[in-house]
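This is model.txt. It holds compact mmCIF, C-alpha atoms.
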# COMPACT_ATOMS: atom_id res chain seq x y z
CA MET A 11 132.44 -105.19 -38.14
CA SER A 12 129.74 -104.40 -40.64
CA ARG A 13 126.43 -103.42 -39.23
CA GLN A 14 124.68 -103.87 -42.54
CA ASN A 15 121.26 -105.52 -42.17
CA GLN A 16 121.12 -105.02 -38.40
CA LYS A 17 117.71 -103.52 -37.79
CA ALA A 18 117.56 -99.91 -36.64
CA LEU A 19 114.83 -97.53 -35.50
CA VAL A 20 115.43 -93.81 -36.14
CA LEU A 21 113.61 -91.16 -34.12
CA LEU A 22 112.46 -88.79 -36.84
CA SER A 23 111.06 -85.38 -35.96
CA GLY A 24 111.17 -84.08 -39.51
CA GLY A 25 113.93 -81.64 -38.66
CA GLN A 26 117.39 -81.21 -40.09
CA ASP A 27 119.18 -83.29 -37.47
CA SER A 28 116.91 -86.32 -37.39
CA THR A 29 116.80 -86.32 -41.18
CA THR A 30 120.58 -86.39 -41.29
CA CYS A 31 120.48 -89.27 -38.79
CA LEU A 32 118.03 -91.17 -40.96
CA HIS A 33 120.44 -91.00 -43.87
CA TRP A 34 123.32 -91.92 -41.58
CA ALA A 35 121.36 -94.99 -40.46
CA ILE A 36 120.63 -95.98 -44.06
CA ARG A 37 124.34 -95.91 -44.77
CA GLU A 38 125.24 -97.84 -41.60
CA PHE A 39 122.51 -100.47 -41.56
CA GLY A 40 121.09 -100.55 -45.06
CA ARG A 41 117.84 -99.03 -46.30
CA ASP A 42 115.75 -102.15 -45.79
CA ALA A 43 116.86 -102.50 -42.19
CA VAL A 44 115.79 -98.99 -41.17
CA THR A 45 112.43 -97.82 -39.83
CA ALA A 46 111.64 -94.25 -38.84
CA ILE A 47 109.41 -93.46 -35.87
CA SER A 48 107.70 -90.16 -35.04
CA PHE A 49 105.57 -89.16 -32.08
CA ASP A 50 102.41 -87.16 -32.42
CA TYR A 51 102.32 -85.44 -29.05
CA GLY A 52 100.06 -82.56 -30.02
CA GLN A 53 102.93 -80.45 -31.22
CA ARG A 54 101.96 -76.91 -32.02
CA HIS A 55 103.27 -77.17 -35.56
CA ARG A 56 101.59 -80.07 -37.31
CA ILE A 57 103.92 -79.45 -40.23
CA GLU A 58 106.62 -81.33 -38.32
CA LEU A 59 104.78 -84.62 -38.76
CA GLU A 60 104.10 -83.92 -42.43
CA CYS A 61 107.79 -83.24 -42.93
CA ALA A 62 108.73 -86.44 -41.11
CA ALA A 63 106.43 -88.46 -43.38
CA ALA A 64 107.84 -86.75 -46.48
CA VAL A 65 111.44 -87.31 -45.37
CA ALA A 66 110.83 -91.00 -44.72
CA GLU A 67 109.05 -91.49 -48.02
CA ASP A 68 111.80 -89.67 -49.89
CA ALA A 69 114.38 -91.88 -48.18
CA GLY A 70 112.43 -95.01 -49.02
CA VAL A 71 112.08 -96.29 -45.45
CA ALA A 72 109.08 -97.44 -43.44
CA HIS A 73 107.58 -94.79 -41.16
CA VAL A 74 105.57 -95.26 -37.99
CA CYS A 75 103.81 -92.39 -36.22
CA LEU A 76 102.67 -93.07 -32.67
CA PRO A 77 100.26 -90.70 -30.97
CA ILE A 78 101.02 -89.82 -27.36
CA ASP A 79 97.75 -88.07 -26.72
CA THR A 80 98.42 -87.09 -23.19
CA PHE A 81 101.76 -85.44 -23.65
CA ASN A 82 100.14 -82.07 -23.19
CA ALA A 83 98.99 -83.20 -19.79
CA LEU A 84 102.59 -83.03 -18.71
CA GLY A 85 102.39 -79.28 -18.64
CA GLY A 86 103.03 -76.10 -20.49
CA ASP A 87 105.76 -75.41 -22.94
CA ALA A 88 106.11 -73.29 -25.99
CA LEU A 89 106.15 -76.13 -28.47
CA THR A 90 102.78 -77.52 -27.47
CA GLU A 91 100.84 -74.51 -26.24
CA SER A 92 99.76 -72.11 -28.93
CA ALA A 93 99.16 -69.35 -26.42
CA ILE A 94 102.83 -68.97 -25.64
CA GLU A 95 104.81 -66.76 -27.95
CA VAL A 96 108.00 -68.35 -29.12
CA GLU A 97 110.82 -65.93 -28.99
CA GLY A 98 113.45 -68.17 -27.49
CA ALA A 99 112.41 -66.74 -24.15
CA ILE A 100 114.29 -68.12 -21.16
CA ASP A 101 112.31 -70.03 -18.60
CA ASP A 102 112.87 -68.71 -15.08
CA ARG A 103 113.10 -72.12 -13.53
CA THR A 104 115.35 -73.99 -15.92
CA GLY A 105 117.40 -71.15 -17.34
CA LEU A 106 116.70 -72.84 -20.68
CA PRO A 107 114.69 -71.68 -23.69
CA ASN A 108 110.96 -72.17 -23.20
CA THR A 109 111.04 -74.77 -25.95
CA PHE A 110 112.52 -77.29 -23.50
CA VAL A 111 110.07 -79.89 -22.21
CA PRO A 112 111.89 -81.67 -19.41
CA GLY A 113 111.79 -85.39 -19.91
CA ARG A 114 110.43 -85.34 -23.44
CA ASN A 115 113.41 -86.95 -25.11
CA LEU A 116 113.59 -89.50 -22.31
CA VAL A 117 109.95 -90.44 -22.81
CA PHE A 118 110.38 -90.70 -26.57
CA LEU A 119 113.53 -92.80 -26.33
CA THR A 120 112.06 -95.11 -23.71
CA TYR A 121 108.92 -95.54 -25.74
CA ALA A 122 110.94 -96.18 -28.89
CA ALA A 123 113.09 -98.70 -27.03
CA ALA A 124 110.00 -100.61 -25.88
CA TYR A 125 108.67 -100.54 -29.44
CA ALA A 126 112.02 -101.71 -30.80
CA TRP A 127 112.29 -104.53 -28.27
CA GLN A 128 109.02 -106.04 -29.43
CA ARG A 129 110.36 -106.10 -32.97
CA ASP A 130 113.85 -107.40 -32.25
CA VAL A 131 115.47 -104.11 -33.27
CA PRO A 132 118.76 -103.65 -31.41
CA ASN A 133 119.63 -100.15 -32.64
CA LEU A 134 118.05 -96.80 -31.87
CA VAL A 135 119.26 -93.65 -33.60
CA THR A 136 118.58 -90.13 -32.35
CA GLY A 137 119.81 -86.74 -33.47
CA VAL A 138 120.58 -85.27 -30.08
CA ALA A 139 123.81 -83.30 -29.79
CA GLN A 140 125.52 -81.56 -26.95
CA THR A 141 127.36 -79.04 -29.11
CA ASP A 142 126.08 -75.78 -30.57
CA TYR A 143 122.79 -76.27 -28.76
CA SER A 144 121.07 -74.60 -25.90
CA GLY A 145 122.32 -76.83 -23.16
CA TYR A 146 119.34 -79.17 -23.12
CA PRO A 147 120.27 -81.68 -20.44
CA ASP A 148 118.42 -84.53 -22.12
CA CYS A 149 120.66 -84.17 -25.19
CA ARG A 150 123.92 -84.71 -23.36
CA GLU A 151 125.99 -87.79 -23.83
CA GLU A 152 126.00 -88.73 -20.16
CA THR A 153 122.19 -88.60 -20.09
CA ILE A 154 121.91 -90.85 -23.13
CA LYS A 155 124.46 -93.28 -21.69
CA ALA A 156 122.56 -93.44 -18.40
CA LEU A 157 119.29 -94.04 -20.19
CA GLN A 158 120.85 -96.73 -22.37
CA GLN A 159 122.03 -98.45 -19.22
CA ALA A 160 118.55 -98.25 -17.67
CA LEU A 161 117.00 -99.66 -20.85
CA ARG A 162 119.51 -102.48 -21.08
CA LEU A 163 118.98 -103.46 -17.46
CA GLY A 164 115.23 -102.97 -17.52
CA MET A 165 114.62 -104.94 -20.70
CA GLU A 166 117.56 -107.32 -20.51
CA SER A 167 118.49 -106.20 -23.98
CA GLU A 168 121.61 -105.13 -25.81
CA VAL A 169 119.98 -102.01 -27.19
CA THR A 170 122.39 -99.36 -28.41
CA ILE A 171 121.39 -95.71 -28.68
CA HIS A 172 123.37 -94.21 -31.54
CA THR A 173 123.92 -90.47 -31.50
CA PRO A 174 125.86 -89.68 -34.66
CA LEU A 175 125.57 -85.92 -34.15
CA MET A 176 126.49 -85.87 -30.46
CA HIS A 177 129.81 -84.08 -30.88
CA LEU A 178 129.23 -82.32 -34.18
CA SER A 179 128.77 -78.60 -34.58
CA LYS A 180 125.94 -77.41 -36.80
CA LYS A 181 128.53 -76.83 -39.52
CA GLU A 182 129.75 -80.41 -39.21
CA THR A 183 126.18 -81.71 -39.25
CA VAL A 184 125.62 -79.96 -42.57
CA GLU A 185 128.87 -81.43 -43.88
CA LEU A 186 127.75 -84.89 -42.77
CA ALA A 187 124.44 -84.46 -44.59
CA ARG A 188 126.37 -83.42 -47.68
CA ASP A 189 128.69 -86.43 -47.43
CA LEU A 190 125.67 -88.71 -47.05
CA GLY A 191 124.07 -87.26 -50.19
CA ALA A 192 121.23 -86.01 -48.02
CA LEU A 193 121.31 -82.31 -48.86
CA ASP A 194 118.33 -82.52 -51.21
CA ALA A 195 116.33 -84.10 -48.40
CA MET A 196 116.90 -80.94 -46.36
CA ALA A 197 114.34 -79.21 -48.57
CA LEU A 198 111.72 -81.46 -46.97
CA THR A 199 112.64 -80.69 -43.37
CA HIS A 200 111.23 -78.28 -40.86
CA THR A 201 113.18 -76.26 -38.35
CA CYS A 202 111.42 -72.96 -37.62
CA TYR A 203 110.06 -72.55 -34.08
CA ASN A 204 107.33 -70.32 -35.47
CA GLY A 205 106.13 -73.05 -37.80
CA THR A 206 106.19 -70.87 -40.90
CA ARG A 207 107.13 -72.03 -44.36
CA PRO A 208 109.19 -70.35 -45.74
CA PRO A 209 111.00 -70.31 -42.38
CA CYS A 210 110.88 -67.06 -40.44
CA GLY A 211 114.64 -66.74 -40.45
CA GLN A 212 114.54 -64.92 -37.14
CA CYS A 213 113.85 -67.49 -34.43
CA PRO A 214 116.77 -69.19 -32.66
CA ALA A 215 116.24 -72.43 -34.58
CA CYS A 216 116.27 -70.69 -37.97
CA ARG A 217 119.36 -68.71 -37.05
CA LEU A 218 121.23 -71.78 -35.83
CA ARG A 219 120.35 -73.65 -38.99
CA ALA A 220 121.41 -70.76 -41.23
CA LYS A 221 124.71 -70.41 -39.38
CA GLY A 222 125.49 -74.09 -39.93
CA PHE A 223 124.84 -73.96 -43.66
CA GLU A 224 126.78 -70.72 -43.99
CA GLU A 225 129.83 -72.04 -42.16
CA ALA A 226 129.76 -75.23 -44.21
CA GLY A 227 129.64 -73.16 -47.38
CA VAL A 228 126.51 -74.94 -48.54
CA SER A 229 123.24 -73.36 -49.56
CA ASP A 230 120.18 -74.55 -47.66
CA PRO A 231 117.73 -76.04 -50.17
CA LEU A 232 114.85 -75.22 -47.86
CA VAL A 233 115.61 -71.54 -48.11
CA ALA A 234 116.87 -71.68 -51.72
CA ASP A 235 113.69 -73.42 -52.82
CA VAL A 236 111.41 -70.77 -51.47
CA MET B 9 115.37 -85.38 8.48
CA SER B 10 111.62 -85.26 8.22
CA ARG B 11 110.21 -85.53 4.76
CA GLN B 12 106.79 -84.37 5.86
CA ASN B 13 105.20 -82.03 3.35
CA GLN B 14 107.66 -82.83 0.58
CA LYS B 15 105.49 -83.52 -2.43
CA ALA B 16 105.35 -87.09 -3.73
CA LEU B 17 103.78 -88.86 -6.69
CA VAL B 18 102.85 -92.52 -6.20
CA LEU B 19 102.44 -94.85 -9.17
CA LEU B 20 99.19 -96.60 -8.33
CA SER B 21 98.07 -99.64 -10.29
CA GLY B 22 95.32 -100.56 -7.88
CA GLY B 23 97.17 -103.67 -6.75
CA GLN B 24 98.35 -104.76 -3.35
CA ASP B 25 101.89 -103.46 -3.71
CA SER B 26 101.16 -100.00 -5.05
CA THR B 27 98.39 -99.58 -2.48
CA THR B 28 100.85 -100.41 0.27
CA CYS B 29 103.23 -97.86 -1.24
CA LEU B 30 100.53 -95.22 -1.27
CA HIS B 31 100.02 -95.66 2.46
CA TRP B 32 103.77 -95.70 3.02
CA ALA B 33 104.00 -92.37 1.16
CA ILE B 34 101.20 -90.90 3.23
CA ARG B 35 103.14 -91.76 6.38
CA GLU B 36 106.42 -90.44 4.99
CA PHE B 37 105.27 -87.26 3.29
CA GLY B 38 101.85 -86.49 4.74
CA ARG B 39 98.48 -87.04 3.14
CA ASP B 40 98.18 -83.59 1.64
CA ALA B 41 101.56 -83.87 -0.07
CA VAL B 42 100.75 -87.10 -1.89
CA THR B 43 99.20 -87.56 -5.33
CA ALA B 44 98.53 -90.93 -6.96
CA ILE B 45 98.97 -91.45 -10.69
CA SER B 46 97.64 -94.31 -12.83
CA PHE B 47 98.09 -95.06 -16.51
CA ASP B 48 95.28 -96.20 -18.72
CA TYR B 49 97.19 -98.19 -21.30
CA GLY B 50 94.32 -100.31 -22.52
CA GLN B 51 94.86 -102.93 -19.86
CA ARG B 52 92.81 -106.02 -20.37
CA HIS B 53 91.24 -105.72 -16.94
CA ARG B 54 89.57 -102.35 -16.58
CA ILE B 55 88.89 -103.23 -12.98
CA GLU B 56 92.50 -102.24 -12.22
CA LEU B 57 91.73 -98.58 -12.86
CA GLU B 58 88.51 -98.74 -10.87
CA CYS B 59 90.44 -100.23 -7.97
CA ALA B 60 93.12 -97.54 -8.23
CA ALA B 61 90.48 -94.82 -8.07
CA ALA B 62 88.80 -96.50 -5.10
CA VAL B 63 92.09 -96.94 -3.25
CA ALA B 64 93.04 -93.29 -3.76
CA GLU B 65 89.62 -92.06 -2.66
CA ASP B 66 89.70 -94.28 0.39
CA ALA B 67 93.15 -92.94 1.26
CA GLY B 68 92.02 -89.36 0.77
CA VAL B 69 94.61 -88.39 -1.82
CA ALA B 70 94.32 -86.78 -5.24
CA HIS B 71 94.33 -89.21 -8.16
CA VAL B 72 95.36 -88.58 -11.76
CA CYS B 73 94.76 -91.09 -14.54
CA LEU B 74 96.68 -90.53 -17.76
CA PRO B 75 95.73 -92.41 -20.90
CA ILE B 76 98.58 -93.80 -22.96
CA ASP B 77 96.47 -94.76 -25.91
CA THR B 78 99.18 -96.21 -27.99
CA PHE B 79 100.67 -98.56 -25.48
CA ASN B 80 99.10 -101.48 -27.26
CA ALA B 81 101.04 -100.49 -30.34
CA LEU B 82 104.15 -101.61 -28.53
CA GLY B 83 103.17 -105.18 -29.10
CA GLY B 84 101.50 -108.20 -27.67
CA ASP B 85 101.39 -109.26 -24.08
CA ALA B 86 98.93 -111.09 -21.96
CA LEU B 87 97.90 -108.07 -19.90
CA THR B 88 96.71 -106.03 -22.86
CA GLU B 89 95.56 -108.59 -25.39
CA SER B 90 92.36 -110.37 -24.49
CA ALA B 91 93.08 -113.14 -26.96
CA ILE B 92 95.96 -114.47 -24.92
CA GLU B 93 95.09 -116.86 -22.16
CA VAL B 94 96.80 -116.00 -18.92
CA GLU B 95 98.21 -119.02 -17.26
CA GLY B 96 101.55 -117.64 -16.25
CA ALA B 97 102.89 -119.09 -19.46
CA ILE B 98 106.56 -118.51 -20.06
CA ASP B 99 107.56 -116.44 -23.07
CA ASP B 100 110.09 -118.23 -25.24
CA ARG B 101 112.16 -115.16 -25.80
CA THR B 102 112.42 -113.65 -22.36
CA GLY B 103 112.06 -116.74 -20.22
CA LEU B 104 109.64 -114.59 -18.21
CA PRO B 105 105.90 -114.92 -17.67
CA ASN B 106 103.89 -113.61 -20.61
CA THR B 107 102.62 -110.84 -18.38
CA PHE B 108 105.94 -109.00 -18.76
CA VAL B 109 105.87 -106.05 -21.14
CA PRO B 110 109.49 -105.06 -21.62
CA GLY B 111 109.94 -101.40 -20.96
CA ARG B 112 106.53 -100.78 -19.48
CA ASN B 113 107.71 -99.79 -16.03
CA LEU B 114 110.41 -97.64 -17.59
CA VAL B 115 107.87 -95.80 -19.73
CA PHE B 116 105.54 -95.28 -16.77
CA LEU B 117 108.32 -94.04 -14.49
CA THR B 118 109.74 -91.71 -17.13
CA TYR B 119 106.31 -90.35 -17.89
CA ALA B 120 105.58 -89.90 -14.20
CA ALA B 121 108.92 -88.15 -13.73
CA ALA B 122 108.14 -85.69 -16.52
CA TYR B 123 104.72 -85.07 -14.99
CA ALA B 124 106.26 -84.61 -11.55
CA TRP B 125 108.90 -82.21 -12.83
CA GLN B 126 106.25 -79.86 -14.18
CA ARG B 127 104.65 -79.76 -10.76
CA ASP B 128 107.78 -79.42 -8.63
CA VAL B 129 107.36 -82.87 -7.13
CA PRO B 130 110.75 -84.29 -6.13
CA ASN B 131 109.62 -87.75 -5.01
CA LEU B 132 108.33 -90.69 -7.01
CA VAL B 133 107.16 -93.84 -5.27
CA THR B 134 106.76 -97.20 -6.97
CA GLY B 135 105.97 -100.67 -5.68
CA VAL B 136 108.55 -102.62 -7.65
CA ALA B 137 110.42 -105.31 -5.77
CA GLN B 138 113.15 -107.70 -6.70
CA THR B 139 112.25 -110.35 -4.15
CA ASP B 140 109.60 -113.05 -4.38
CA TYR B 141 108.79 -111.98 -7.92
CA SER B 142 109.27 -113.45 -11.32
CA GLY B 143 112.59 -111.84 -12.10
CA TYR B 144 111.18 -108.90 -14.02
CA PRO B 145 114.30 -106.98 -14.95
CA ASP B 146 112.58 -103.58 -14.80
CA CYS B 147 111.80 -104.15 -11.12
CA ARG B 148 115.39 -104.62 -10.02
CA GLU B 149 117.16 -102.09 -7.90
CA GLU B 150 119.99 -101.53 -10.36
CA THR B 151 117.49 -100.77 -13.13
CA ILE B 152 115.68 -98.24 -10.98
CA LYS B 153 118.96 -96.64 -9.92
CA ALA B 154 120.08 -96.34 -13.55
CA LEU B 155 116.79 -94.81 -14.56
CA GLN B 156 116.90 -92.37 -11.66
CA GLN B 157 120.33 -91.30 -12.84
CA ALA B 158 119.07 -90.83 -16.41
CA LEU B 159 116.12 -88.78 -15.17
CA ARG B 160 118.31 -86.63 -12.92
CA LEU B 161 120.73 -85.92 -15.73
CA GLY B 162 118.10 -85.48 -18.40
CA MET B 163 115.91 -83.10 -16.43
CA GLU B 164 118.55 -81.53 -14.22
CA SER B 165 116.44 -82.50 -11.27
CA GLU B 166 116.95 -84.08 -7.89
CA VAL B 167 114.15 -86.57 -8.39
CA THR B 168 114.27 -89.59 -6.10
CA ILE B 169 112.54 -92.86 -6.98
CA HIS B 170 111.48 -94.49 -3.73
CA THR B 171 110.98 -98.26 -3.76
CA PRO B 172 109.84 -99.15 -0.25
CA LEU B 173 109.10 -102.77 -1.20
CA MET B 174 112.32 -103.43 -3.12
CA HIS B 175 113.80 -105.89 -0.66
CA LEU B 176 110.66 -107.12 1.04
CA SER B 177 109.17 -110.57 0.60
CA LYS B 178 105.44 -110.79 0.03
CA LYS B 179 105.10 -111.73 3.69
CA GLU B 180 106.97 -108.58 4.71
CA THR B 181 104.88 -106.47 2.34
CA VAL B 182 101.73 -107.69 4.07
CA GLU B 183 103.32 -106.93 7.44
CA LEU B 184 104.18 -103.43 6.24
CA ALA B 185 100.60 -102.87 5.12
CA ARG B 186 99.44 -104.04 8.54
CA ASP B 187 101.87 -101.70 10.33
CA LEU B 188 100.67 -98.82 8.14
CA GLY B 189 97.06 -99.53 9.04
CA ALA B 190 96.40 -100.27 5.40
CA LEU B 191 94.98 -103.77 5.67
CA ASP B 192 91.40 -102.61 5.22
CA ALA B 193 92.43 -100.90 2.02
CA MET B 194 93.52 -104.27 0.65
CA ALA B 195 89.84 -105.12 0.20
CA LEU B 196 89.77 -102.48 -2.54
CA THR B 197 92.74 -103.79 -4.48
CA HIS B 198 93.02 -106.04 -7.48
CA THR B 199 95.62 -108.70 -8.05
CA CYS B 200 94.18 -111.53 -10.15
CA TYR B 201 95.69 -111.95 -13.63
CA ASN B 202 92.38 -113.29 -14.83
CA GLY B 203 90.57 -110.15 -13.75
CA THR B 204 87.91 -111.94 -11.80
CA ARG B 205 86.31 -110.72 -8.61
CA PRO B 206 86.30 -112.72 -6.39
CA PRO B 207 89.88 -113.53 -7.41
CA CYS B 208 90.41 -116.82 -9.21
CA GLY B 209 92.84 -118.02 -6.56
CA GLN B 210 94.68 -120.09 -9.13
CA CYS B 211 96.76 -117.71 -11.25
CA PRO B 212 100.36 -116.96 -10.22
CA ALA B 213 99.41 -113.51 -8.90
CA CYS B 214 96.61 -114.86 -6.71
CA ARG B 215 98.82 -117.60 -5.38
CA LEU B 216 101.67 -115.22 -4.59
CA ARG B 217 99.29 -112.90 -2.79
CA ALA B 218 97.72 -115.71 -0.79
CA LYS B 219 101.13 -117.00 0.21
CA GLY B 220 102.13 -113.58 1.52
CA PHE B 221 99.03 -113.20 3.66
CA GLU B 222 99.30 -116.75 4.94
CA GLU B 223 102.94 -116.39 5.94
CA ALA B 224 102.18 -113.09 7.67
CA GLY B 225 99.37 -114.75 9.57
CA VAL B 226 96.91 -112.16 8.35
CA SER B 227 93.64 -112.81 6.57
CA ASP B 228 93.24 -111.09 3.22
CA PRO B 229 90.19 -108.82 3.41
CA LEU B 230 89.74 -109.14 -0.36
CA VAL B 231 89.17 -112.85 0.00
CA ALA B 232 87.49 -112.61 3.39
CA ASP B 233 85.01 -110.07 2.06
CA VAL B 234 83.88 -112.23 -0.79

Could the structure of this file be written out as structure tokens, please?
Amino acid sequence: MSRQNQKALVLLSGGQDSTTCLHWAIREFGRDAVTAISFDYGQRHRIELECAAAVAEDAGVAHVCLPIDTFNALGGDALTESAIEVEGAIDDRTGLPNTFVPGRNLVFLTYAAAYAWQRDVPNLVTGVAQTDYSGYPDCREETIKALQQALRLGMESEVTIHTPLMHLSKKETVELARDLGALDAMALTHTCYNGTRPPCGQCPACRLRAKGFEEAGVSDPLVADV
Amino acid sequence: MSRQNQKALVLLSGGQDSTTCLHWAIREFGRDAVTAISFDYGQRHRIELECAAAVAEDAGVAHVCLPIDTFNALGGDALTESAIEVEGAIDDRTGLPNTFVPGRNLVFLTYAAAYAWQRDVPNLVTGVAQTDYSGYPDCREETIKALQQALRLGMESEVTIHTPLMHLSKKETVELARDLGALDAMALTHTCYNGTRPPCGQCPACRLRAKGFEEAGVSDPLVADV
């Protein structure tokens, strides 16, 4: 059954994955039915939000940016506290990279779902994936399914959380972007944990991105453009 | 097994139910282990936050108030938009009173869970109940259980969402407050949808509260004090 013209809200961070999801959503639902949403939670690298705005504009979709001023109050992590060096260091407590903010994706998705409900939007799209990543528990399929269930029950809605990248490797994500005609848009995205442009090429996020493009046999326009 | 000294975070709106829950948590976990959290989401009646602060101070527990500045961006409802008259009007779309903000409890609980995680707090306490209420879907036990599952999976935590009022009638909630020695604290709470003090006595919230006290054979110190 065609999903064309069903309204969809895409969580857009301005990174490679959410940008790919935005273009996936445009194909699935139609450009006019898609809105992108970003959260300004005091992220260390403001460039993320600039990239999100540029990606949405380039794609020709509406873009909403909601501030969540108090996100920093939740506590320290390397993506919001400038004092912490980002080296992909492992947090003692979680055994995960110090870029993991427990609950962040859940807050964003819940917030987006509440926003979508008010606007009669039955589809959410997020770029989480459980493959090739660092084992973030809030990116796993069973987490997303449980949250979808909580949202459906709690809002008496039929909201669906789409996760087109859930089972794709980074290589396959690049191939999907290519198939969607979204490779040029990758020049507008931001990935580097160190927030540099050109990307540092050394941090875990840069290395993962480079590996994906290399394995897909595609040159990364973000790097090529520099 | 005693839960004394296990840390707990109580969602405190400043109303009768959350105040009862705060005193329940103090009994269960011990006063020093309990923190109360409130959300400043631009609620129409600022008196709610003043009551929450007063209730926490009276109970001798720490109180945190987190602003969620953008909550109003989620869309219209009678508790955040002054322009809407509160008469317990029924929303055409939800069939629920216009005081229902779909997703609000889910956002608050998710936010509180993220806050709690950062502070090693394994217990959340909320005053939602599925009895005697207006059928709010985010107050139902199955919703809370689904959200707890999503939070556990998404944060790899053992968080427990306690809902001591879930199956209590308003009468039984008043009796619980009495048994907890928390009746005096009820004079500090706020219930009225119209935000008046003394309470209007006419809105659905005032009437529900009055019915509970009457059936329990207890006089409401909020009304008695006026």

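What separates CA of Gln51 in chain B from CA of Ala33 in chain B is a distance of 25.2 Å.
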
- Which residues, written as a list in words, have at least one atom at most 6 Å from Thr199 in chain A, with all atoms listed in the file counted and residues fewer than 6 positions away on the same chain left out? Gly24, Gly25, Gln26 and Cys61 of chain A

- If we count all atoms listed in the file, which residues of chain B reach to within 9 Å of chain A? Please list them as a ChimeraX atom specification. /B:74-79,81-84,102,109-116,118-127,144-148,150-164

- Item | Shell around Ser23 in chain A at 9 Å using all atoms listed in the file, local window under 5 positions removed, as a list in words | Ser28, Thr29, Ile47, Ser48, Phe49, Glu58, Leu59, Cys61, Ala62, Thr199 and His200 of chain A

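For the pair CA of Arg188 in chain A and CA of Ala139 in chain A, the separation is 18.1 Å.
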
- Message: I'd like the contact shell of Asp189 in chain A - 10 Å cut-off, all atoms listed in the file, skipping same-chain residues fewer than 5 positions apart - returned as a list of chain:residue names.
- Response: A:Trp34, A:Thr183, A:Val184

Export of prior selection with C-alpha atoms as an mmCIF file, in the coordinates of the input:
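Okay, this is what ended up in out-v2.cif:
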data_model
loop_
_atom_site.group_PDB
_atom_site.id
_atom_site.type_symbol
_atom_site.label_atom_id
_atom_site.label_comp_id
_atom_site.auth_asym_id
_atom_site.auth_seq_id
_atom_site.Cartn_x
_atom_site.Cartn_y
_atom_site.Cartn_z
ATOM 1 C CA TRP A 34 123.320 -91.920 -41.580
ATOM 2 C CA THR A 183 126.180 -81.710 -39.250
ATOM 3 C CA VAL A 184 125.620 -79.960 -42.570
#

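Coordinates place CA of Glu185 in chain A at a distance of 22.6 Å from CA of Cys213 in chain A.
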
- Which residues, written as a count of residues only, have at least one atom at most 9 Å from Val131 in chain A, with all atoms listed in the file counted and residues fewer than 6 positions away on the same chain left out? 7

- Query: Which of these residues is nearest to Ser229 in chain A, using all atoms listed in the file: A:Thr141, A:Lys181, A:Ser12, A:Glu60?
  - Reply: A:Lys181

- Message: Counting only C-alpha atoms, find residues at most 12 Å from (110.3, -72.0, -38.8) (file frame) and give them as JSON, numbers by chain.
- Response: {"A": [25, 26, 54, 55, 56, 57, 58, 89, 96, 97, 199, 200, 201, 202, 203, 204, 205, 206, 207, 208, 209, 210, 211, 212, 213, 214, 215, 216, 217, 218, 219, 220, 232, 233]}

- Message: Set the distance at 8 Å and use all atoms listed in the file: which residues neighbour Asp27 in chain A once local chain neighbours fewer than 4 positions away are removed? I'd like the list as a list in words.
- Response: Cys31, Gly137, Val138, Leu175 and Thr183 of chain A

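Nearest residue to Arg35 in chain B, choosing from B:Ser177, B:His71, B:Leu188, B:His170 and counting all atoms listed in the file: B:Leu188.
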